[in-house]
Amino acid sequence: MNKAGLSYYDIVIIGGGPAGLAAAISAKESGADSILVLERDRELGGILNQCIHNGFGLHTFKEELTGPEYAARFISRFHELGIDCRLNTMVLDLKAEAPSGDEGSSNGCIKTITYSSRSEGLVQITAGAVILAMGCRERPRGALNTPGYRPAGIYTAGTAQRLVNIEGCMPGRRVVILGSGDIGLIMARRMTLEGAKVLAVAEVMPYSGGLKRNIVQCLDDYGIPLLLSHTVTEIKGKERVEAVVISEVDENRRPVPGTEKEYECDTLLLSVGLLPENELSRGAGVGISPVTSGPVVSESLETSVPGVFACGNVLHVHDLVDYVSEEAAAAGKRAAEYIKGGASAGSDTPCVPVKTGNGVRYTVPSYIHPDKAGERITLRFRVGDVYRDCAICVYLNDSRIARKKARILAPGEMQEVILSGDELRSFPDLTEIKVCIEAN
Amino acid sequence: MQNSYDIVIIGAGVSGASCARELSRYRLNILVIDKEADVCCGTSKANSAIVHSGIDCKPGTLMAKLNVRGNELMEPLSRELDFEFDRNGSLILCFDEEDRPRLQALYEQGIENGVPGLRIVESEELHRMEPNVSDDAVAAIWCPTGGIVWPFGMNIAMAENAFTNGVSFCFNTGVTGIDKEEDGYCLHVKRSKAILWTDGNTGEPLRSSLPDGEDTVRTRCVINAAGVYADQIHNMVSSHKIHITPRRGEYCLMDKGTGDIVHSTIFQLPTPKGKGILVTPTIHGNLLIGPTATDTPDKEGTCTTQEGLDTVMQKARLSVPSVPTRQIITSFAGLRAHEDGHEFLIGELQDAPLFIDCAGIESPGLTSAPAIGEMVCSIAAGLLNAEPDPSFNGTRKGIIDPKKLDADELSDLIRRDPAYAAMVCRCEMVTEGEIIDAITRPLGAHTLDGVKQRTRAGMGRCQAGFCTPKTMELLSRLLGIPMTEITKNGPDSLLLTGMTDKASSSCAAPGVSGGDNE
């Protein structure tokens, strides 16, 4: 309890999905003692609970697990460690300051979290550090501004996944899918297995936004056509979807007149991108990247607000949950160190920006304090186009220090390079780190 | 279903609801009938959500008179009925010095119409008031009485208040024909999954389902508030035919937080080149741009078009170049009920006694609605020699919005009902408590859109991705219907096509969906 009579935790983690779980476990194992996870759903595990397909955990556990199985391993470790969590709990507000009435608090870095739950009502607590792990949401139809009526039968792929896998409901029988993100691909297979007919997956880009293995296992294996450079240009049916019109698009993603083809269907599923859910982060004054829509972070995964860390899909959208767990573990460890050290990573140490060169859309982190970089730093990024027979290159100032060959790089797959902390620290007058794609 | 009424009001949009609410002040037996599943499903649902000042109506018209009167009534009504309204003022931009005479003429027309507080502001002051307005704007008319309103809130509030004062409502019931009889009218109706609400004034309001099929309803007086269908209804009884053209208006709505780009409603001065597109904050902090104006023969033609949406975005930028179209979360289209003479047709028909038209209600119909109700009520109550009902209660409380409470009030509320702590819609922060209220209150929601329009659950940036399954589950549980019978907005808009094989073999009971988080 602090002066205002509010509960205090060293680390409060917002979100009990894969990121929040891994962050909590790692923070605990790194020596942080008082940790609280706040989860809005009725159980831990987040979106993994509705992902009943397999393919999770190949990197982490060297075996193929379903989403709930993958989550269960983290949840049991979480409980073994005796970490606190509150379920059915919605965080309403995060402030990077002490609660009002507690201005005299000696710790200037206190955070105030307001949440509500059925059992506790409206509650304010304070924390030394906060880890943002709220995940992401799906882009809706409106974001595409697709013309037509607004009938029943238009769902995002994730909503359909929840309806089928959790609620046991069938959202449709004849389905067209717009967008080839992974959830869309997974749902093409899932709907087929439940007896629905999936007519086609249309993708506006000339390449898929999903993983290659999902295209093979979810579309090719079931004879579902993937229409690249195509989009839905009209939705028909006033009450319930009756048909959609799919057109080819040119290189500027504009529909090509004369290529319209009508697909009679009762359902349109959308898998047109994910957006990090950063309303709370913004409210706390956390700087957000316009490219990722997630917080701008340092090597410690610390945001622009000292003591507020971010990991998982709230930071940037990942392709595999294994990388979420890995990144979140790093965030948990750094948050634990922050609590022990009592100070932020690096206001007083040199800071080097990570620049994005040719082909690289963004990097996480986007700046590095070499003094705080430890042994090694994982830089994660995505490319903006498909690159064949190329190399991922890293430059310190103007000198190339790494060149990793790649047969193919696609926007649907996250990339990473590992930087040595020693190399960064020993490089004379380091002013910039750059990652780019070069021809092989 | 009772078969005989003093008044049947056809249409539960904002005009019909306003008439019903005003008439519920009298000892009259009233039924509101609508072919749609809920109130506010036609023109009232998809419009600019603007309370117009009345400057642009032709002087001397009924439109001008009722607009100015409706504007006056809006604020007290919003307090009595607890719906959201803000007098944010509006600006009409002039982009060309050559158009000044037109700006001046419009200003003078406003004065003639009795619009208070009008003022011409020059470029410098204009840009001080609205820094994001285009540099090309050379002057504007400032209309301080312009406002923005929550159309669903207003329509629903008026209907609920009418209901709790004894007016019955019947949904999913279309009028297919009207016979003149000696002592009134016989309406032929067709029902499909019809829902009847009665006894709202008894403390035990009743919601009942009616069998599908055809039926008749007798009434002394008919009020025709049927929106784009008002011509069809009128022409069923009158030899003086009227004609209403559905005029489609397309809009784009941007995410919350964009609404502070402008403070007031920004119109463009109508020129021979066109009427222009407005840019306005909404009452909930979104930014709304539109509408287009395209005549269509289809009275259900509320589809958007690529061309229309492109026009809206392009023209909105003329007023506010920085309109953040990347933050569009949805687009929609509504149909204005444009009568050939562009005038409100309100009154008893010459060749049909006690048949009162409330037709041609296009913009500024939303603004005028309170005045339309007042006018129709005085006509109908007069013709029927109605007696005031002393038990009339003109106030109504809306669904509690926890976001508007301070911490202590919110704590109290959650203590009384923990459902107000359970968040269902993350984007608009709508709790289970609000959704339960929306479904269980008098004249409550029974569709997904009904919940959305009462609570805003699903209206936010994810457009119902997260909250749809949970809201469906609540509808199923509270209405005692299976998930597979839940609709978006009416009998033909089923949300599901069935259950999965596994689910249908393991549970068949209504409301049991496996997703309960109690």
# chains A, B, ... in the order shown; residues from 1 in each chain; ligands from 1
call {"tool": "residues_around", "arguments": {"residues": "segment 86-92 of chain A", "least_positions_apart": "2", "cutoff": "6 Å", "atoms": "only C-alpha atoms", "output": "PyMOL selection string"}}
result
chain A and resi 38-42+114-117
call {"tool": "interface_residues", "arguments": {"of": "chain B", "to": "chain A", "cutoff": "7 Å", "atoms": "only C-alpha atoms", "output": "MDAnalysis selection string"}}
result
chainID B and resid 302:306 328:331 411 414:415 418:419 421:423 462:463 465:466 469 488 492:500 503 513:515 517
call {"tool": "residues_around", "arguments": {"residues": "segment 280-288 of chain A", "least_positions_apart": "4", "cutoff": "7 Å", "atoms": "only C-alpha atoms", "output": "PDB file with N, CA and C atoms, in the first residue's frame"}}
result
ATOM      1  N   ASP A  93      -7.881   2.583 -17.698  1.00  0.00           N
ATOM      2  CA  ASP A  93      -6.993   3.738 -17.827  1.00  0.00           C
ATOM      3  C   ASP A  93      -5.613   3.415 -17.280  1.00  0.00           C
ATOM      4  N   LEU A  94      -4.607   3.943 -17.966  1.00  0.00           N
ATOM      5  CA  LEU A  94      -3.227   3.820 -17.505  1.00  0.00           C
ATOM      6  C   LEU A  94      -2.631   5.217 -17.513  1.00  0.00           C
ATOM      7  N   LYS A  95      -2.049   5.610 -16.377  1.00  0.00           N
ATOM      8  CA  LYS A  95      -1.398   6.920 -16.320  1.00  0.00           C
ATOM      9  C   LYS A  95       0.020   6.728 -15.811  1.00  0.00           C
ATOM     10  N   ALA A  96       0.945   7.415 -16.461  1.00  0.00           N
ATOM     11  CA  ALA A  96       2.339   7.299 -16.059  1.00  0.00           C
ATOM     12  C   ALA A  96       2.634   8.284 -14.935  1.00  0.00           C
ATOM     13  N   SER A 293       1.901   0.940 -35.873  1.00  0.00           N
ATOM     14  CA  SER A 293       0.802   1.309 -34.969  1.00  0.00           C
ATOM     15  C   SER A 293       1.044   0.809 -33.550  1.00  0.00           C
ATOM     16  N   GLY A 294       2.276   0.401 -33.275  1.00  0.00           N
ATOM     17  CA  GLY A 294       2.645  -0.022 -31.928  1.00  0.00           C
ATOM     18  C   GLY A 294       3.630   0.976 -31.335  1.00  0.00           C
ATOM     19  N   PRO A 295       3.939   0.834 -30.037  1.00  0.00           N
ATOM     20  CA  PRO A 295       4.860   1.780 -29.404  1.00  0.00           C
ATOM     21  C   PRO A 295       6.251   1.747 -30.040  1.00  0.00           C
ATOM     22  N   VAL A 296       6.900   2.887 -29.998  1.00  0.00           N
ATOM     23  CA  VAL A 296       8.308   2.966 -30.378  1.00  0.00           C
ATOM     24  C   VAL A 296       9.094   2.501 -29.156  1.00  0.00           C
ATOM     25  N   THR A 303       9.097   1.665 -23.772  1.00  0.00           N
ATOM     26  CA  THR A 303       8.486   2.677 -24.633  1.00  0.00           C
ATOM     27  C   THR A 303       9.050   4.052 -24.314  1.00  0.00           C
ATOM     28  N   SER A 304       8.469   5.070 -24.927  1.00  0.00           N
ATOM     29  CA  SER A 304       8.926   6.438 -24.672  1.00  0.00           C
ATOM     30  C   SER A 304       8.601   6.870 -23.240  1.00  0.00           C
ATOM     31  N   VAL A 305       7.746   6.132 -22.550  1.00  0.00           N
ATOM     32  CA  VAL A 305       7.445   6.451 -21.151  1.00  0.00           C
ATOM     33  C   VAL A 305       8.294   5.526 -20.267  1.00  0.00           C
TER      34      VAL A 305
END
call {"tool": "residues_around", "arguments": {"residues": "Thr271 of chain B", "least_positions_apart": "2", "cutoff": "10 Å", "atoms": "only C-alpha atoms", "output": "count of residues only"}}
result
10
call {"tool": "closest_residue", "arguments": {"among": "B:Leu474, B:Leu287, B:Met483, B:Ala352", "to": "Asp179 of chain B", "atoms": "only C-alpha atoms"}}
result
B:Ala352
call {"tool": "atom_distance", "arguments": {"atom1": "atom CA of Ile33 of chain B", "atom2": "atom CA of Trp197 of chain B"}}
result
10.4 Å
call {"tool": "select_by_dssp", "arguments": {"residues": "segment 243-479 of chain B", "states": "alpha helix (DSSP H)", "output": "ChimeraX atom specification"}}
result
/B:306-319,365-383,407-416,432-440,448-455,467-479
call {"tool": "residues_around", "arguments": {"residues": "segment 364-380 of chain B", "least_positions_apart": "2", "cutoff": "6 Å", "atoms": "only C-alpha atoms", "output": "number ranges by chain"}}
result
B: 15, 18-19, 22-23, 51, 66-67, 69-71, 361-362, 382-383
call {"tool": "write_last_selection", "arguments": {"atoms": "all heavy atoms", "output": "compact mmCIF listing (two decimals), in the first residue's frame"}}
result
# COMPACT_ATOMS: atom_id res chain seq x y z
N SER B 15 -40.01 10.97 -37.34
CA SER B 15 -41.29 11.70 -37.45
C SER B 15 -42.39 10.94 -36.73
O SER B 15 -43.14 11.52 -35.91
CB SER B 15 -41.71 11.88 -38.91
OG SER B 15 -40.73 12.58 -39.63
N SER B 18 -41.95 11.01 -33.00
CA SER B 18 -42.25 12.32 -32.43
C SER B 18 -43.77 12.53 -32.34
O SER B 18 -44.29 13.02 -31.33
CB SER B 18 -41.61 13.43 -33.27
OG SER B 18 -41.92 14.69 -32.74
N CYS B 19 -44.49 12.15 -33.42
CA CYS B 19 -45.96 12.26 -33.40
C CYS B 19 -46.51 11.40 -32.26
O CYS B 19 -47.40 11.83 -31.51
CB CYS B 19 -46.55 11.77 -34.72
SG CYS B 19 -46.10 12.82 -36.12
N GLU B 22 -45.88 13.01 -28.83
CA GLU B 22 -46.74 14.17 -28.57
C GLU B 22 -48.18 13.72 -28.31
O GLU B 22 -48.85 14.21 -27.40
CB GLU B 22 -46.69 15.15 -29.74
CG GLU B 22 -45.40 15.94 -29.83
CD GLU B 22 -45.06 16.64 -28.51
OE1 GLU B 22 -45.93 17.36 -27.98
OE2 GLU B 22 -43.93 16.45 -28.00
N LEU B 23 -48.64 12.77 -29.12
CA LEU B 23 -50.04 12.33 -28.98
C LEU B 23 -50.26 11.51 -27.71
O LEU B 23 -51.40 11.37 -27.25
CB LEU B 23 -50.46 11.53 -30.22
CG LEU B 23 -50.76 12.42 -31.43
CD1 LEU B 23 -50.70 11.63 -32.73
CD2 LEU B 23 -52.13 13.11 -31.28
N VAL B 51 -28.46 19.21 -36.49
CA VAL B 51 -29.59 20.06 -36.16
C VAL B 51 -29.36 21.38 -36.89
O VAL B 51 -28.49 22.17 -36.52
CB VAL B 51 -29.71 20.26 -34.64
CG1 VAL B 51 -30.79 21.27 -34.31
CG2 VAL B 51 -30.03 18.92 -33.98
N LEU B 66 -40.82 24.94 -39.52
CA LEU B 66 -40.63 23.81 -38.61
C LEU B 66 -39.16 23.58 -38.28
O LEU B 66 -38.83 23.10 -37.19
CB LEU B 66 -41.25 22.54 -39.20
CG LEU B 66 -42.77 22.58 -39.38
CD1 LEU B 66 -43.28 21.24 -39.90
CD2 LEU B 66 -43.49 22.94 -38.08
N ASN B 67 -38.28 23.95 -39.20
CA ASN B 67 -36.86 23.84 -38.91
C ASN B 67 -36.49 24.75 -37.74
O ASN B 67 -35.88 24.31 -36.75
CB ASN B 67 -36.06 24.23 -40.16
CG ASN B 67 -34.55 24.08 -39.95
OD1 ASN B 67 -34.05 24.10 -38.84
ND2 ASN B 67 -33.82 23.90 -41.03
N ARG B 69 -38.40 26.14 -35.54
CA ARG B 69 -39.11 25.71 -34.33
C ARG B 69 -38.49 24.43 -33.75
O ARG B 69 -38.29 24.31 -32.54
CB ARG B 69 -40.60 25.49 -34.67
CG ARG B 69 -41.44 24.91 -33.55
CD ARG B 69 -41.65 25.91 -32.43
NE ARG B 69 -42.45 25.32 -31.37
CZ ARG B 69 -42.34 25.67 -30.09
NH1 ARG B 69 -41.48 26.60 -29.71
NH2 ARG B 69 -43.10 25.10 -29.17
N GLY B 70 -38.17 23.48 -34.63
CA GLY B 70 -37.55 22.22 -34.17
C GLY B 70 -36.22 22.49 -33.51
O GLY B 70 -35.89 21.90 -32.47
N ASN B 71 -35.45 23.40 -34.09
CA ASN B 71 -34.16 23.76 -33.51
C ASN B 71 -34.34 24.31 -32.09
O ASN B 71 -33.60 23.93 -31.18
CB ASN B 71 -33.49 24.78 -34.44
CG ASN B 71 -32.09 25.14 -33.98
OD1 ASN B 71 -31.89 25.54 -32.83
ND2 ASN B 71 -31.11 25.01 -34.87
N ILE B 361 -40.65 14.19 -45.71
CA ILE B 361 -39.80 14.65 -44.61
C ILE B 361 -38.35 14.30 -44.93
O ILE B 361 -37.82 13.26 -44.54
CB ILE B 361 -40.24 14.01 -43.26
CG1 ILE B 361 -41.75 14.16 -43.05
CG2 ILE B 361 -39.46 14.65 -42.11
CD1 ILE B 361 -42.28 15.58 -43.00
N GLU B 362 -37.72 15.19 -45.67
CA GLU B 362 -36.29 15.07 -45.94
C GLU B 362 -35.59 16.18 -45.15
O GLU B 362 -36.24 16.87 -44.36
CB GLU B 362 -36.03 15.19 -47.44
CG GLU B 362 -36.50 16.49 -48.07
CD GLU B 362 -36.19 16.55 -49.56
OE1 GLU B 362 -35.08 16.16 -49.95
OE2 GLU B 362 -37.06 16.97 -50.34
N GLY B 382 -56.97 17.71 -32.23
CA GLY B 382 -58.11 18.59 -32.50
C GLY B 382 -59.22 17.86 -33.23
O GLY B 382 -60.39 17.92 -32.84
N LEU B 383 -58.84 17.13 -34.28
CA LEU B 383 -59.85 16.42 -35.07
C LEU B 383 -60.56 15.36 -34.24
O LEU B 383 -61.75 15.09 -34.45
CB LEU B 383 -59.19 15.76 -36.30
CG LEU B 383 -58.68 16.71 -37.38
CD1 LEU B 383 -57.86 15.95 -38.41
CD2 LEU B 383 -59.85 17.43 -38.07
call {"tool": "residues_around", "arguments": {"residues": "Asp38 of chain B", "least_positions_apart": "4", "cutoff": "12 Å", "atoms": "only C-alpha atoms", "output": "NGL selection string"}}
result
:B and (11-14 or 17 or 32-34 or 42 or 44-45 or 152 or 155-156 or 159-160 or 169-173 or 194-197 or 443-454 or 487-491)
call {"tool": "residues_around", "arguments": {"residues": "Cys393 of chain A", "least_positions_apart": "6", "cutoff": "7 Å", "atoms": "only C-alpha atoms", "output": "PDB file with all heavy atoms, in the first residue's frame"}}
result
ATOM      1  N   ARG A 400      29.407  -2.301 -43.353  1.00  0.00           N
ATOM      2  CA  ARG A 400      28.518  -3.451 -43.272  1.00  0.00           C
ATOM      3  C   ARG A 400      29.103  -4.473 -42.308  1.00  0.00           C
ATOM      4  O   ARG A 400      30.249  -4.890 -42.470  1.00  0.00           O
ATOM      5  CB  ARG A 400      28.340  -4.048 -44.670  1.00  0.00           C
ATOM      6  CG  ARG A 400      27.262  -5.115 -44.697  1.00  0.00           C
ATOM      7  CD  ARG A 400      26.900  -5.470 -46.109  1.00  0.00           C
ATOM      8  NE  ARG A 400      27.987  -6.223 -46.746  1.00  0.00           N
ATOM      9  CZ  ARG A 400      28.076  -6.389 -48.059  1.00  0.00           C
ATOM     10  NH1 ARG A 400      27.183  -5.859 -48.870  1.00  0.00           N
ATOM     11  NH2 ARG A 400      29.079  -7.081 -48.578  1.00  0.00           N
ATOM     12  N   ALA A 402      27.075  -7.242 -41.240  1.00  0.00           N
ATOM     13  CA  ALA A 402      26.424  -8.549 -41.380  1.00  0.00           C
ATOM     14  C   ALA A 402      25.742  -8.626 -42.729  1.00  0.00           C
ATOM     15  O   ALA A 402      25.268  -7.629 -43.266  1.00  0.00           O
ATOM     16  CB  ALA A 402      25.404  -8.752 -40.270  1.00  0.00           C
ATOM     17  N   ARG A 403      25.739  -9.837 -43.274  1.00  0.00           N
ATOM     18  CA  ARG A 403      25.094 -10.055 -44.561  1.00  0.00           C
ATOM     19  C   ARG A 403      24.562 -11.477 -44.536  1.00  0.00           C
ATOM     20  O   ARG A 403      25.315 -12.439 -44.512  1.00  0.00           O
ATOM     21  CB  ARG A 403      26.116  -9.872 -45.686  1.00  0.00           C
ATOM     22  CG  ARG A 403      25.501  -9.884 -47.066  1.00  0.00           C
ATOM     23  CD  ARG A 403      26.530  -9.387 -48.091  1.00  0.00           C
ATOM     24  NE  ARG A 403      25.859  -9.065 -49.334  1.00  0.00           N
ATOM     25  CZ  ARG A 403      25.444  -9.975 -50.202  1.00  0.00           C
ATOM     26  NH1 ARG A 403      25.647 -11.250 -49.959  1.00  0.00           N
ATOM     27  NH2 ARG A 403      24.806  -9.613 -51.305  1.00  0.00           N
ATOM     28  N   LYS A 404      23.235 -11.583 -44.455  1.00  0.00           N
ATOM     29  CA  LYS A 404      22.620 -12.911 -44.333  1.00  0.00           C
ATOM     30  C   LYS A 404      21.849 -13.191 -45.611  1.00  0.00           C
ATOM     31  O   LYS A 404      20.911 -12.467 -45.945  1.00  0.00           O
ATOM     32  CB  LYS A 404      21.685 -12.901 -43.115  1.00  0.00           C
ATOM     33  CG  LYS A 404      21.179 -14.275 -42.697  1.00  0.00           C
ATOM     34  CD  LYS A 404      20.507 -14.220 -41.311  1.00  0.00           C
ATOM     35  CE  LYS A 404      19.003 -14.076 -41.425  1.00  0.00           C
ATOM     36  NZ  LYS A 404      18.286 -13.998 -40.154  1.00  0.00           N
ATOM     37  N   VAL A 435      19.369  -1.373 -41.233  1.00  0.00           N
ATOM     38  CA  VAL A 435      19.053  -2.702 -41.765  1.00  0.00           C
ATOM     39  C   VAL A 435      18.454  -2.501 -43.151  1.00  0.00           C
ATOM     40  O   VAL A 435      17.587  -1.632 -43.330  1.00  0.00           O
ATOM     41  CB  VAL A 435      18.030  -3.438 -40.870  1.00  0.00           C
ATOM     42  CG1 VAL A 435      17.835  -4.869 -41.358  1.00  0.00           C
ATOM     43  CG2 VAL A 435      18.476  -3.417 -39.424  1.00  0.00           C
ATOM     44  N   CYS A 436      18.925  -3.265 -44.131  1.00  0.00           N
ATOM     45  CA  CYS A 436      18.365  -3.133 -45.471  1.00  0.00           C
ATOM     46  C   CYS A 436      18.457  -4.453 -46.229  1.00  0.00           C
ATOM     47  O   CYS A 436      19.117  -5.395 -45.784  1.00  0.00           O
ATOM     48  CB  CYS A 436      19.070  -2.014 -46.239  1.00  0.00           C
ATOM     49  SG  CYS A 436      20.817  -2.318 -46.451  1.00  0.00           S
ATOM     50  N   ILE A 437      17.746  -4.499 -47.333  1.00  0.00           N
ATOM     51  CA  ILE A 437      17.767  -5.682 -48.187  1.00  0.00           C
ATOM     52  C   ILE A 437      18.588  -5.352 -49.436  1.00  0.00           C
ATOM     53  O   ILE A 437      18.352  -4.323 -50.074  1.00  0.00           O
ATOM     54  CB  ILE A 437      16.324  -6.071 -48.613  1.00  0.00           C
ATOM     55  CG1 ILE A 437      15.413  -6.209 -47.390  1.00  0.00           C
ATOM     56  CG2 ILE A 437      16.345  -7.358 -49.443  1.00  0.00           C
ATOM     57  CD1 ILE A 437      15.870  -7.208 -46.356  1.00  0.00           C
ATOM     58  N   GLU A 438      19.530  -6.192 -49.752  1.00  0.00           N
ATOM     59  CA  GLU A 438      20.354  -5.971 -50.945  1.00  0.00           C
ATOM     60  C   GLU A 438      20.263  -7.187 -51.858  1.00  0.00           C
ATOM     61  O   GLU A 438      19.970  -8.292 -51.401  1.00  0.00           O
ATOM     62  CB  GLU A 438      21.818  -5.721 -50.537  1.00  0.00           C
ATOM     63  CG  GLU A 438      21.985  -4.402 -49.792  1.00  0.00           C
ATOM     64  CD  GLU A 438      23.415  -4.146 -49.330  1.00  0.00           C
ATOM     65  OE1 GLU A 438      24.294  -4.980 -49.617  1.00  0.00           O
ATOM     66  OE2 GLU A 438      23.612  -3.113 -48.683  1.00  0.00           O
TER      67      GLU A 438
END
call {"tool": "closest_residue", "arguments": {"among": "A:Thr292, A:Asn214, A:Thr231, A:Gln161", "to": "Cys51 of chain A", "atoms": "only C-alpha atoms"}}
result
A:Gln161
call {"tool": "select_by_dssp", "arguments": {"residues": "segment 8-57 of chain A", "states": "strand (DSSP E)", "output": "short mmCIF file (atom, residue, chain, number, x, y, z; two decimals) with C-alpha atoms, in the first residue's frame"}}
result
data_model
loop_
_atom_site.label_atom_id
_atom_site.label_comp_id
_atom_site.auth_asym_id
_atom_site.auth_seq_id
_atom_site.Cartn_x
_atom_site.Cartn_y
_atom_site.Cartn_z
CA TYR A 8 1.21 -1.48 -5.25
CA TYR A 9 2.87 -4.04 -7.53
CA ASP A 10 6.38 -3.92 -8.90
CA ILE A 11 5.14 -4.97 -12.31
CA VAL A 12 1.61 -4.88 -13.69
CA ILE A 13 1.10 -6.67 -16.99
CA ILE A 14 -1.91 -5.68 -19.07
CA ILE A 35 3.67 -9.14 -10.32
CA LEU A 36 0.04 -8.84 -11.35
CA VAL A 37 -1.49 -9.81 -14.68
CA LEU A 38 -4.79 -8.20 -15.66
CA ASN A 54 -1.84 -27.05 -34.67
CA GLY A 55 1.49 -25.60 -35.68
CA PHE A 56 2.26 -23.67 -32.51
#
call {"tool": "closest_residue", "arguments": {"among": "A:Met414, A:Ile339, A:Leu193, A:Leu6", "to": "Thr126 of chain A", "atoms": "only C-alpha atoms"}}
result
A:Leu6
call {"tool": "atom_distance", "arguments": {"atom1": "atom CA of Ser24 of chain B", "atom2": "atom CA of Asn161 of chain B"}}
result
8.5 Å
call {"tool": "closest_residue", "arguments": {"among": "A:Tyr222, A:Tyr263, A:Tyr387, A:Tyr367", "to": "Leu199 of chain A", "atoms": "only C-alpha atoms"}}
result
A:Tyr263
call {"tool": "atom_distance", "arguments": {"atom1": "atom CA of Glu326 of chain A", "atom2": "atom CA of Val417 of chain A"}}
result
14.0 Å
